[in-house]
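Peer 1: My structure is in run39.cif, and what it holds is mmCIF, C-alpha atoms:
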```cif
data_data
#
loop_
_atom_site.label_atom_id
_atom_site.label_comp_id
_atom_site.auth_asym_id
_atom_site.auth_seq_id
_atom_site.Cartn_x
_atom_site.Cartn_y
_atom_site.Cartn_z
CA MET D 1 -81.32 -98.98 6.25
CA THR D 2 -79.14 -96.06 5.38
CA THR D 3 -81.63 -93.56 6.77
CA THR D 4 -81.83 -95.20 10.21
CA ALA D 5 -78.11 -95.64 10.87
CA PRO D 6 -77.37 -92.05 11.93
CA SER D 7 -80.33 -91.93 14.33
CA THR D 8 -79.26 -95.23 15.92
CA TRP D 9 -75.74 -93.90 16.27
CA GLU D 10 -76.98 -90.65 17.81
CA PHE D 11 -79.21 -92.51 20.29
CA SER D 12 -76.34 -94.80 21.31
CA GLN D 13 -74.00 -91.84 21.80
CA GLN D 14 -76.52 -89.87 23.83
CA PHE D 15 -77.56 -92.84 25.94
CA THR D 16 -73.92 -93.73 26.70
CA ALA D 17 -73.20 -90.20 27.89
CA GLU D 18 -76.34 -90.08 30.03
CA PHE D 19 -75.88 -93.58 31.43
CA GLN D 20 -72.23 -93.05 32.36
CA ALA D 21 -73.03 -89.67 33.93
CA SER D 22 -75.74 -91.22 36.09
CA ARG D 23 -73.55 -94.19 36.98
CA THR D 24 -70.63 -91.97 37.97
CA ASP D 25 -72.90 -89.78 40.07
CA LEU D 26 -74.28 -92.86 41.81
CA GLN D 27 -70.77 -94.20 42.46
CA SER D 28 -69.76 -90.84 43.95
CA ARG D 29 -72.76 -90.88 46.28
CA LEU D 30 -72.04 -94.49 47.19
CA ALA D 31 -68.44 -93.67 48.05
CA ALA D 32 -69.55 -90.75 50.24
CA ALA D 33 -72.08 -92.98 52.02
CA GLN D 34 -69.36 -95.36 53.17
CA THR D 35 -68.52 -93.00 56.04
CA ASN D 36 -72.01 -91.67 56.80
CA SER D 37 -74.80 -94.03 55.87
CA THR D 38 -78.41 -93.46 56.95
CA PRO D 39 -81.68 -95.20 55.97
CA GLN D 40 -82.54 -92.16 53.87
CA THR D 41 -79.20 -92.40 52.08
CA LEU D 42 -79.70 -96.07 51.29
CA GLN D 43 -83.21 -95.36 50.00
CA ASP D 44 -81.88 -92.61 47.75
CA LEU D 45 -79.12 -94.87 46.39
CA SER D 46 -81.63 -97.64 45.68
CA SER D 47 -83.97 -95.24 43.89
CA ARG D 48 -81.15 -93.90 41.71
CA LEU D 49 -80.05 -97.43 40.89
CA ALA D 50 -83.62 -98.30 39.94
CA ARG D 51 -83.76 -95.37 37.52
CA LEU D 52 -80.44 -96.42 36.01
CA SER D 53 -81.61 -100.02 35.63
CA ARG D 54 -84.92 -98.90 34.12
CA SER D 55 -83.25 -96.68 31.52
CA LEU D 56 -80.96 -99.53 30.47
CA SER D 57 -83.93 -101.89 30.18
CA ASP D 58 -85.78 -99.38 28.02
CA ALA D 59 -82.77 -99.06 25.70
CA THR D 60 -82.48 -102.81 25.10
CA GLY D 61 -82.27 -103.50 21.39
CA SER D 62 -81.04 -100.01 20.52
CA LEU D 63 -77.49 -100.42 21.81
CA PRO D 64 -74.53 -102.41 20.48
CA SER D 65 -74.55 -105.84 22.11
CA TYR D 66 -71.16 -105.35 23.76
CA ASP D 67 -72.21 -102.03 25.30
CA GLN D 68 -75.47 -103.60 26.52
CA LYS D 69 -73.59 -106.39 28.31
CA LEU D 70 -71.03 -103.96 29.73
CA TYR D 71 -73.72 -101.66 31.16
CA GLU D 72 -75.63 -104.62 32.62
CA THR D 73 -72.45 -105.74 34.37
CA GLN D 74 -71.93 -102.24 35.76
CA VAL D 75 -75.49 -102.13 37.10
CA LYS D 76 -75.06 -105.52 38.78
CA GLN D 77 -71.82 -104.33 40.39
CA LEU D 78 -73.61 -101.29 41.80
CA GLU D 79 -76.37 -103.55 43.14
CA ARG D 80 -73.77 -105.63 45.00
CA GLU D 81 -72.04 -102.56 46.43
CA ILE D 82 -75.29 -100.99 47.66
CA GLU D 83 -76.40 -104.27 49.22
CA ALA D 84 -72.98 -104.60 50.92
CA LEU D 85 -73.35 -101.07 52.29
CA ARG D 86 -76.85 -101.88 53.53
CA THR D 87 -75.57 -104.97 55.34
CA SER D 88 -72.61 -103.19 56.93
CA SER D 89 -74.78 -100.25 58.01
CA THR D 90 -77.49 -102.28 59.71
CA GLY D 91 -75.44 -105.12 61.14
CA LYS D 92 -77.94 -107.83 61.97
CA PRO D 93 -81.13 -106.89 60.15
CA ARG D 94 -84.03 -106.04 62.44
CA PHE D 95 -86.60 -107.01 59.83
CA SER D 96 -86.33 -110.41 58.26
CA PHE D 97 -88.04 -109.38 55.02
CA LYS D 98 -85.16 -107.04 54.21
CA ARG D 99 -82.78 -109.89 54.56
CA LYS D 100 -84.79 -112.21 52.36
CA SER D 101 -85.59 -109.75 49.57
CA PRO D 102 -83.02 -109.97 46.78
CA ALA D 103 -81.53 -106.70 45.52
CA SER D 104 -83.08 -107.21 42.11
CA SER D 105 -86.60 -107.25 43.59
CA SER D 106 -86.10 -103.94 45.41
CA VAL D 107 -84.66 -102.42 42.24
CA ALA D 108 -87.63 -103.55 40.15
CA ALA D 109 -90.13 -102.27 42.71
CA ALA D 110 -88.49 -98.87 42.97
CA ALA D 111 -88.29 -98.60 39.20
CA VAL D 112 -92.08 -98.24 38.79
CA GLY D 113 -92.82 -94.72 37.61
CA ALA D 114 -89.14 -93.73 37.78
CA ASP D 115 -87.75 -90.97 35.60
CA LEU D 116 -85.01 -91.36 33.03
CA PRO D 117 -81.38 -90.42 33.86
CA PRO D 118 -80.34 -86.75 33.94
CA PRO D 119 -79.93 -85.01 30.56
CA ILE D 120 -76.73 -85.27 28.59
CA ALA D 121 -75.73 -81.75 29.60
CA SER D 122 -74.91 -83.07 33.08
CA HIS D 123 -72.26 -85.43 31.71
CA SER D 124 -69.35 -83.01 31.82
CA SER D 125 -70.18 -81.61 35.24
CA ILE D 126 -70.35 -85.08 36.80
CA LEU D 127 -67.50 -86.88 35.08
CA SER D 128 -65.07 -83.97 35.03
CA PRO D 129 -64.26 -81.67 37.94
CA PRO D 130 -63.98 -77.97 37.06
CA VAL D 131 -60.71 -76.48 35.91
CA ASN D 132 -58.96 -74.18 38.37
CA ASP D 133 -59.79 -70.50 38.00
CA GLY D 134 -56.13 -69.65 37.64
CA GLY D 135 -56.31 -69.11 33.90
CA SER D 136 -53.42 -70.92 32.21
CA GLN D 137 -52.35 -72.54 35.47
CA PRO D 138 -52.82 -76.33 35.00
CA THR D 139 -54.84 -78.45 37.37
CA PRO D 140 -52.55 -80.50 39.70
CA LEU D 141 -52.39 -84.18 38.83
CA ASP D 142 -53.54 -85.75 42.09
CA SER D 143 -56.49 -87.63 43.46
CA THR D 144 -58.42 -84.40 44.05
CA SER D 145 -58.73 -83.89 40.29
CA THR D 146 -60.61 -87.16 39.80
CA PRO D 147 -64.18 -88.13 40.72
CA SER D 148 -64.98 -90.73 43.35
CA GLY D 149 -65.72 -94.31 42.45
CA LYS D 150 -64.12 -96.27 39.64
CA ASN D 151 -63.46 -93.47 37.15
CA LEU D 152 -60.40 -91.36 36.46
CA THR D 153 -60.48 -87.94 34.83
CA LEU D 154 -57.55 -86.13 33.26
CA GLN D 155 -58.68 -82.58 32.53
CA GLY D 156 -57.60 -79.02 31.92
CA HIS D 157 -53.86 -79.21 31.19
CA SER D 158 -51.59 -77.42 28.73
CA SER D 159 -48.00 -78.14 27.63
CA ARG D 160 -47.54 -81.21 29.83
CA TYR D 161 -46.02 -84.67 29.45
CA ILE D 162 -48.21 -87.00 31.51
CA LEU D 163 -47.37 -90.55 32.64
CA LEU D 164 -49.21 -93.28 34.54
CA SER D 165 -47.37 -92.23 37.69
CA ASP D 166 -49.16 -88.88 37.47
CA LEU D 167 -52.53 -90.59 37.92
CA PRO D 168 -53.92 -91.91 41.24
CA LEU D 169 -53.80 -95.45 39.88
CA SER D 170 -52.07 -98.35 41.62
CA PRO D 171 -50.63 -101.15 39.45
CA SER D 172 -52.03 -103.63 42.00
CA SER D 173 -55.52 -102.12 42.08
CA SER D 174 -58.36 -104.64 41.83
CA GLN D 175 -60.65 -102.09 40.15
CA THR D 176 -60.68 -101.29 36.45
CA PRO D 177 -61.65 -97.62 36.09
CA ASP D 178 -62.96 -95.88 33.01
CA LEU D 179 -60.71 -93.06 31.85
CA THR D 180 -61.90 -89.62 30.76
CA ILE D 181 -59.41 -87.30 29.01
CA CYS D 182 -60.69 -83.82 28.19
CA ASP D 183 -59.75 -80.17 27.70
CA LEU D 184 -56.04 -80.66 26.92
CA THR D 185 -53.85 -78.48 24.70
CA ASN D 186 -50.28 -79.19 23.52
CA CYS D 187 -49.91 -82.28 25.73
CA ILE D 188 -48.39 -85.73 25.38
CA VAL D 189 -50.18 -88.40 27.43
CA ASN D 190 -48.21 -91.65 27.65
CA LEU D 191 -50.12 -94.31 29.59
CA LEU D 192 -48.47 -97.31 27.93
CA PRO D 193 -47.46 -99.84 30.62
CA HIS D 194 -44.34 -100.96 28.73
CA PHE D 195 -42.98 -97.41 28.86
CA ASN D 196 -43.99 -96.53 32.42
CA GLU D 197 -41.72 -97.65 35.22
CA GLY D 198 -43.43 -100.01 37.64
CA TYR D 199 -46.24 -100.98 35.23
CA SER D 200 -44.49 -103.09 32.60
CA ASN D 201 -44.32 -106.88 32.85
CA ASP D 202 -41.44 -108.64 31.13
CA ASP D 203 -42.81 -112.09 31.92
CA THR D 204 -44.38 -113.26 28.66
CA ASP D 205 -46.85 -115.67 30.25
CA LYS D 206 -47.98 -113.24 32.93
CA SER D 207 -48.25 -110.40 30.45
CA LYS D 208 -50.91 -112.29 28.54
CA ASP D 209 -53.07 -112.52 31.65
CA SER D 210 -52.52 -108.98 32.92
CA PRO D 211 -55.84 -107.22 33.55
CA PRO D 212 -56.56 -104.05 31.57
CA LEU D 213 -55.69 -100.74 33.21
CA PHE D 214 -58.85 -99.02 31.93
CA GLY D 215 -62.36 -100.29 31.21
CA ALA D 216 -63.35 -97.69 28.60
CA TYR D 217 -62.18 -94.37 27.17
CA HIS D 218 -64.04 -91.05 26.96
CA ILE D 219 -61.93 -88.44 25.14
CA ARG D 220 -63.05 -84.94 24.15
CA ASN D 221 -61.91 -81.39 23.47
CA LEU D 222 -58.22 -81.96 22.68
CA THR D 223 -56.01 -79.73 20.51
CA ASN D 224 -52.42 -80.42 19.39
CA CYS D 225 -52.07 -83.54 21.57
CA ILE D 226 -50.50 -87.00 21.33
CA ILE D 227 -52.40 -89.65 23.31
CA LEU D 228 -50.80 -93.09 23.79
CA LEU D 229 -53.13 -95.60 25.46
CA PRO D 230 -53.14 -99.38 26.09
CA PHE D 231 -55.89 -101.78 25.06
CA SER D 232 -59.28 -101.44 26.76
CA PRO D 233 -61.98 -104.15 26.61
CA GLY D 234 -64.71 -101.51 26.34
CA SER D 235 -65.55 -98.64 24.01
CA ALA D 236 -63.59 -95.56 23.00
CA LEU D 237 -65.87 -92.53 22.57
CA ILE D 238 -64.10 -89.58 20.96
CA HIS D 239 -65.44 -86.03 20.57
CA SER D 240 -64.00 -82.77 19.24
CA LEU D 241 -60.32 -83.46 18.58
CA THR D 242 -58.22 -81.12 16.42
CA ASN D 243 -54.72 -81.84 15.12
CA CYS D 244 -54.06 -84.83 17.37
CA VAL D 245 -52.48 -88.28 17.32
CA LEU D 246 -54.48 -91.02 19.03
CA VAL D 247 -53.08 -94.50 19.72
CA LEU D 248 -55.35 -96.94 21.52
CA GLY D 249 -56.89 -100.40 21.58
CA SER D 250 -60.57 -101.02 22.24
CA HIS D 251 -63.51 -103.24 21.43
CA GLN D 252 -65.38 -100.39 19.73
CA PHE D 253 -64.29 -96.97 18.43
CA ARG D 254 -66.55 -93.99 17.69
CA MET D 255 -65.40 -90.50 16.76
CA HIS D 256 -67.52 -87.35 16.48
CA ASN D 257 -66.82 -83.83 15.20
CA SER D 258 -63.04 -84.08 14.83
CA GLN D 259 -60.55 -83.00 12.18
CA HIS D 260 -56.90 -83.62 11.33
CA VAL D 261 -56.47 -86.65 13.59
CA ASP D 262 -54.15 -89.62 13.06
CA VAL D 263 -55.62 -92.75 14.65
CA TYR D 264 -53.63 -95.94 15.32
CA LEU D 265 -56.02 -98.71 16.33
CA ASP D 266 -55.96 -102.19 17.79
CA ILE D 267 -59.64 -103.08 17.45
CA THR D 268 -61.91 -106.11 17.12
CA SER D 269 -64.73 -104.30 15.29
CA ASN D 270 -65.10 -101.62 12.62
CA PRO D 271 -64.47 -98.03 13.76
CA ILE D 272 -67.19 -95.42 13.22
CA ILE D 273 -66.79 -91.70 12.49
CA GLU D 274 -69.38 -88.95 12.05
CA GLY D 275 -69.03 -85.23 11.41
CA CYS D 276 -65.27 -85.68 10.90
CA SER D 277 -62.73 -84.67 8.25
CA SER D 278 -59.06 -85.35 7.49
CA ILE D 279 -58.94 -88.46 9.69
CA ARG D 280 -56.16 -90.96 8.93
CA PHE D 281 -56.16 -94.55 10.20
CA ALA D 282 -53.44 -97.14 10.73
CA MET D 283 -52.85 -100.29 12.77
CA TYR D 284 -51.53 -100.00 16.32
CA PRO D 285 -47.69 -100.00 16.13
CA ALA D 286 -46.17 -103.12 17.69
CA ARG D 287 -43.29 -100.96 18.88
CA LEU D 288 -45.66 -99.41 21.40
CA ASN D 289 -46.98 -102.77 22.60
CA PRO D 290 -44.57 -105.70 22.15
CA ASP D 291 -47.36 -108.10 23.18
CA LEU D 292 -48.83 -107.64 19.69
CA LEU D 293 -45.89 -109.60 18.27
CA ARG D 294 -46.85 -112.65 20.33
CA ARG D 295 -50.41 -113.03 19.05
CA SER D 296 -52.13 -113.66 15.75
CA PRO D 297 -52.79 -110.43 13.84
CA LEU D 298 -56.34 -109.11 13.79
CA PRO D 299 -58.15 -108.86 10.44
CA PRO D 300 -58.10 -105.41 8.79
CA PHE D 301 -60.90 -103.15 9.93
CA THR D 302 -63.29 -101.19 7.70
CA ILE D 303 -64.05 -97.59 8.64
CA GLN D 304 -67.74 -96.63 8.64
CA ASP D 305 -68.49 -92.95 7.99
CA PHE D 306 -72.04 -92.11 9.06
CA SER D 307 -71.72 -88.71 7.39
CA HIS D 308 -71.10 -90.33 4.01
CA ILE D 309 -73.61 -93.16 3.63
CA ARG D 310 -73.26 -93.82 -0.07
CA SER D 311 -71.43 -96.19 -2.39
CA SER D 312 -68.57 -93.81 -3.26
CA PRO D 313 -65.46 -93.65 -1.04
CA SER D 314 -65.68 -91.23 1.86
CA PRO D 315 -63.54 -88.09 1.49
CA ASN D 316 -63.36 -87.72 5.27
CA PHE D 317 -60.76 -90.39 6.06
CA SER D 318 -57.80 -92.18 4.54
CA LEU D 319 -55.27 -94.88 5.41
CA MET D 320 -51.76 -94.01 6.48
CA ALA D 321 -48.35 -95.21 5.37
CA THR D 322 -47.05 -98.75 5.53
CA LYS D 323 -46.70 -100.59 8.83
CA LEU D 324 -42.89 -100.31 8.73
CA GLU D 325 -43.03 -96.54 8.31
CA ASN D 326 -45.43 -96.21 11.23
CA GLU D 327 -43.17 -98.29 13.48
CA ALA D 328 -40.21 -96.02 12.64
CA LYS D 329 -41.93 -92.75 13.51
CA PRO D 330 -40.42 -90.63 16.35
CA TRP D 331 -42.75 -91.79 19.10
CA PRO D 332 -42.21 -89.74 22.30
CA LEU D 333 -41.99 -92.71 24.65
CA HIS D 334 -39.86 -91.14 27.37
CA LYS D 335 -40.69 -88.11 29.47
CA LEU D 336 -39.89 -84.74 27.96
CA THR D 337 -39.08 -82.26 30.69
CA SER D 338 -38.61 -78.93 28.90
CA ASN D 339 -41.02 -76.96 26.73
CA GLU D 340 -38.54 -77.14 23.85
CA GLU D 341 -38.43 -80.95 24.04
CA LEU D 342 -42.21 -81.11 24.26
CA ASP D 343 -42.64 -78.88 21.20
CA LYS D 344 -40.24 -81.06 19.20
CA GLY D 345 -42.03 -84.22 20.31
CA LEU D 346 -45.37 -82.81 19.19
CA ALA D 347 -44.05 -81.45 15.91
CA GLY D 348 -42.56 -84.82 15.01
CA LEU D 349 -45.96 -86.56 14.91
CA LEU D 350 -48.87 -84.12 14.72
CA PRO D 351 -50.81 -84.13 11.41
CA GLN D 352 -50.33 -80.34 11.11
CA PRO D 353 -46.96 -79.55 12.77
CA GLY D 354 -47.29 -75.84 11.98
CA ALA D 355 -50.69 -75.43 13.61
CA PRO D 356 -50.82 -72.43 15.99
CA VAL D 357 -50.23 -73.16 19.65
CA GLU D 358 -53.08 -71.98 21.84
#
```
Write the structure described by the file as structure tokens, please.

Peer 2:
Amino acid sequence: MTTTAPSTWEFSQQFTAEFQASRTDLQSRLAAAQTNSTPQTLQDLSSRLARLSRSLSDATGSLPSYDQKLYETQVKQLEREIEALRTSSTGKPRFSFKRKSPASSSVAAAAVGADLPPPIASHSSILSPPVNDGGSQPTPLDSTSTPSGKNLTLQGHSSRYILLSDLPLSPSSSQTPDLTICDLTNCIVNLLPHFNEGYSNDDTDKSKDSPPLFGAYHIRNLTNCIILLPFSPGSALIHSLTNCVLVLGSHQFRMHNSQHVDVYLDITSNPIIEGCSSIRFAMYPARLNPDLLRRSPLPPFTIQDFSHIRSSPSPNFSLMATKLENEAKPWPLHKLTSNEELDKGLAGLLPQPGAPVE
């Protein structure tokens, strides 16, 4: 058992990256086709959906059950959107067999002999638009810095305090996008609804039923950053963080190749790390989400280190101070406008306050 765990983890990580890259690419093409749809476009969309569906079918049994169900739901949603586009593009169908054939049948037929999704190397180019060529000049925070479809990307910023209002996200939106955060240095990202004007909900009963702002998290390549995120019903996939503080809630948590990271979790499963060192874990502070005080506490989680599969304790992670001490920490919950304020906010929480600023 111990020898197969890392390979299963690696397959799941790779498949997730490839699947989400292909899905995001398909959503981008689908969004572009809304204004210029042709029979060839619809055929291409259906073929790409078939490949995506086939790859998910082939991976059945090798993915966590929650991820499997989530990806199946995403495929079904794409099927509905493509079929809606087909209907709106053709008006009254000229051929009755197109009208009678369910979307699932066309997907299965097109899947015969289909190739697997694009390689994992395409993940960053699809999910994340390129950083401006202006050197240290940060990418503007507007809708042009995010991909089409139901995904948001926050990328390529330095020395910024970022709020929900900086993202192209409406509090009344019916869609639940995935959020990608990558290539940040010396930033504080505060996406907590209770501390963002226009997103908090003081009605206790309504707050319980509020939909999540984000479906899943993809976070990579961060240095000297504090990331404050609300609960997501999906997975949190973390790669290559150095000297960071990460506060989030998710159904599953997986961290790769990171060091000197403090993680505050609200989670319903056991977090997994691999290739990591100096990681410290604690429970999600109720101060950052008052809704936690109105529910039964979750059972303590057990960290699984896939780089230390043996009976002795892992040297790669530890547990942080008491809950009271974590609540009292100087959380930067309000916007810091000057570089001096930002530096103080970072130094008050980062695991290595004296780490060099890049």

Peer 1: Quick one, how far is CA of Ser47 in chain D from CA of Ser65 in chain D?

Peer 2: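 For CA of Ser47 in chain D relative to CA of Ser65 in chain D, the distance reads 26.0 Å.
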
Peer 1: Which is closest to Leu246 in chain D among D:Asn316, D:Leu350, D:Ala17, D:Gln155, if we use all atoms listed in the file?

Peer 2: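 For Leu246 in chain D, the nearest of the given residues is D:Leu350.
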
Peer 1: For the atom pair CA of Asp25 in chain D and CA of Leu52 in chain D, what is the interatomic distance in Å to one decimal place?

Peer 2: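 Between CA of Asp25 in chain D and CA of Leu52 in chain D the gap is 10.8 Å.
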
Peer 1: I'd like the interatomic distance between CA of Leu346 in chain D and CA of Leu298 in chain D, to a tenth of an Å.

Peer 2: 29.0 Å

Peer 1: So, counting all atoms listed in the file, which residue among D:Ser28, D:Ser240, D:Asn190, D:Ser232 is closest to Leu336 in chain D?

Peer 2: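 That would be D:Asn190, the residue with the smallest distance to Leu336 in chain D.
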
Peer 1: For the structure shown, which residues end up in the PyMOL selection byres ((chain D and resi 335) around 12)? Put them as a list of chain:residue names, please?

Peer 2: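 Here the PyMOL selection byres ((chain D and resi 335) around 12) matches D:Arg160, D:Tyr161, D:Ile162, D:Leu163, D:Leu164, D:Ser165, D:Asp166, D:Cys187, D:Ile188, D:Val189, D:Asn190, D:Leu191, D:Phe195, D:Asn196, D:Glu197, D:Trp331, D:Pro332, D:Leu333, D:His334, D:Leu336, D:Thr337, D:Ser338, D:Asn339, D:Glu341, D:Leu342, D:Gly345.
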
Peer 1: Just checking: using all atoms listed in the file, which residue out of D:Ser307, D:Ser250, D:Gln352, D:Thr73 ends up closest to Ser53 in chain D?

Peer 2: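 Of D:Ser307, D:Ser250, D:Gln352, D:Thr73, the one nearest Ser53 in chain D, counting all atoms listed in the file, is D:Thr73.
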
Peer 1: Assuming the input is short of atoms at range 307-320 of chain D, produce N, CA, C and O atoms for that part as a short mmCIF file (atom, residue, chain, number, x, y, z; two decimals), in the frame of the given file.

Peer 2:
```
data_model
loop_
_atom_site.label_atom_id
_atom_site.label_comp_id
_atom_site.auth_asym_id
_atom_site.auth_seq_id
_atom_site.Cartn_x
_atom_site.Cartn_y
_atom_site.Cartn_z
N SER D 307 -71.43 -89.95 8.10
CA SER D 307 -71.72 -88.71 7.39
C SER D 307 -71.61 -88.88 5.87
O SER D 307 -71.83 -87.93 5.13
N HIS D 308 -71.25 -90.07 5.45
CA HIS D 308 -71.10 -90.33 4.01
C HIS D 308 -71.65 -91.73 3.73
O HIS D 308 -70.92 -92.67 3.46
N ILE D 309 -72.97 -91.86 3.82
CA ILE D 309 -73.61 -93.16 3.63
C ILE D 309 -74.01 -93.29 2.16
O ILE D 309 -75.15 -93.05 1.78
N ARG D 310 -73.04 -93.63 1.36
CA ARG D 310 -73.26 -93.82 -0.07
C ARG D 310 -72.19 -94.75 -0.60
O ARG D 310 -71.25 -95.12 0.11
N SER D 311 -72.33 -95.17 -1.84
CA SER D 311 -71.43 -96.19 -2.39
C SER D 311 -70.04 -95.66 -2.70
O SER D 311 -69.06 -96.42 -2.72
N SER D 312 -69.88 -94.38 -2.93
CA SER D 312 -68.57 -93.81 -3.26
C SER D 312 -67.69 -93.73 -2.02
O SER D 312 -68.20 -93.66 -0.89
N PRO D 313 -66.37 -93.74 -2.20
CA PRO D 313 -65.46 -93.65 -1.04
C PRO D 313 -65.65 -92.35 -0.28
O PRO D 313 -65.90 -91.29 -0.86
N SER D 314 -65.53 -92.42 1.04
CA SER D 314 -65.68 -91.23 1.86
C SER D 314 -64.45 -90.32 1.71
O SER D 314 -63.31 -90.80 1.77
N PRO D 315 -64.67 -89.02 1.55
CA PRO D 315 -63.54 -88.09 1.49
C PRO D 315 -63.03 -87.68 2.87
O PRO D 315 -62.07 -86.90 2.97
N ASN D 316 -63.65 -88.20 3.92
CA ASN D 316 -63.36 -87.72 5.27
C ASN D 316 -62.26 -88.49 5.98
O ASN D 316 -61.80 -88.07 7.05
N PHE D 317 -61.83 -89.63 5.42
CA PHE D 317 -60.76 -90.39 6.06
C PHE D 317 -59.90 -91.05 4.99
O PHE D 317 -60.29 -91.20 3.83
N SER D 318 -58.72 -91.48 5.42
CA SER D 318 -57.80 -92.18 4.54
C SER D 318 -56.95 -93.12 5.38
O SER D 318 -57.00 -93.08 6.63
N LEU D 319 -56.18 -93.97 4.72
CA LEU D 319 -55.27 -94.88 5.41
C LEU D 319 -53.85 -94.33 5.34
O LEU D 319 -53.45 -93.72 4.35
N MET D 320 -53.10 -94.56 6.40
CA MET D 320 -51.76 -94.01 6.48
C MET D 320 -50.73 -94.91 5.82
O MET D 320 -51.06 -95.94 5.23
#
```
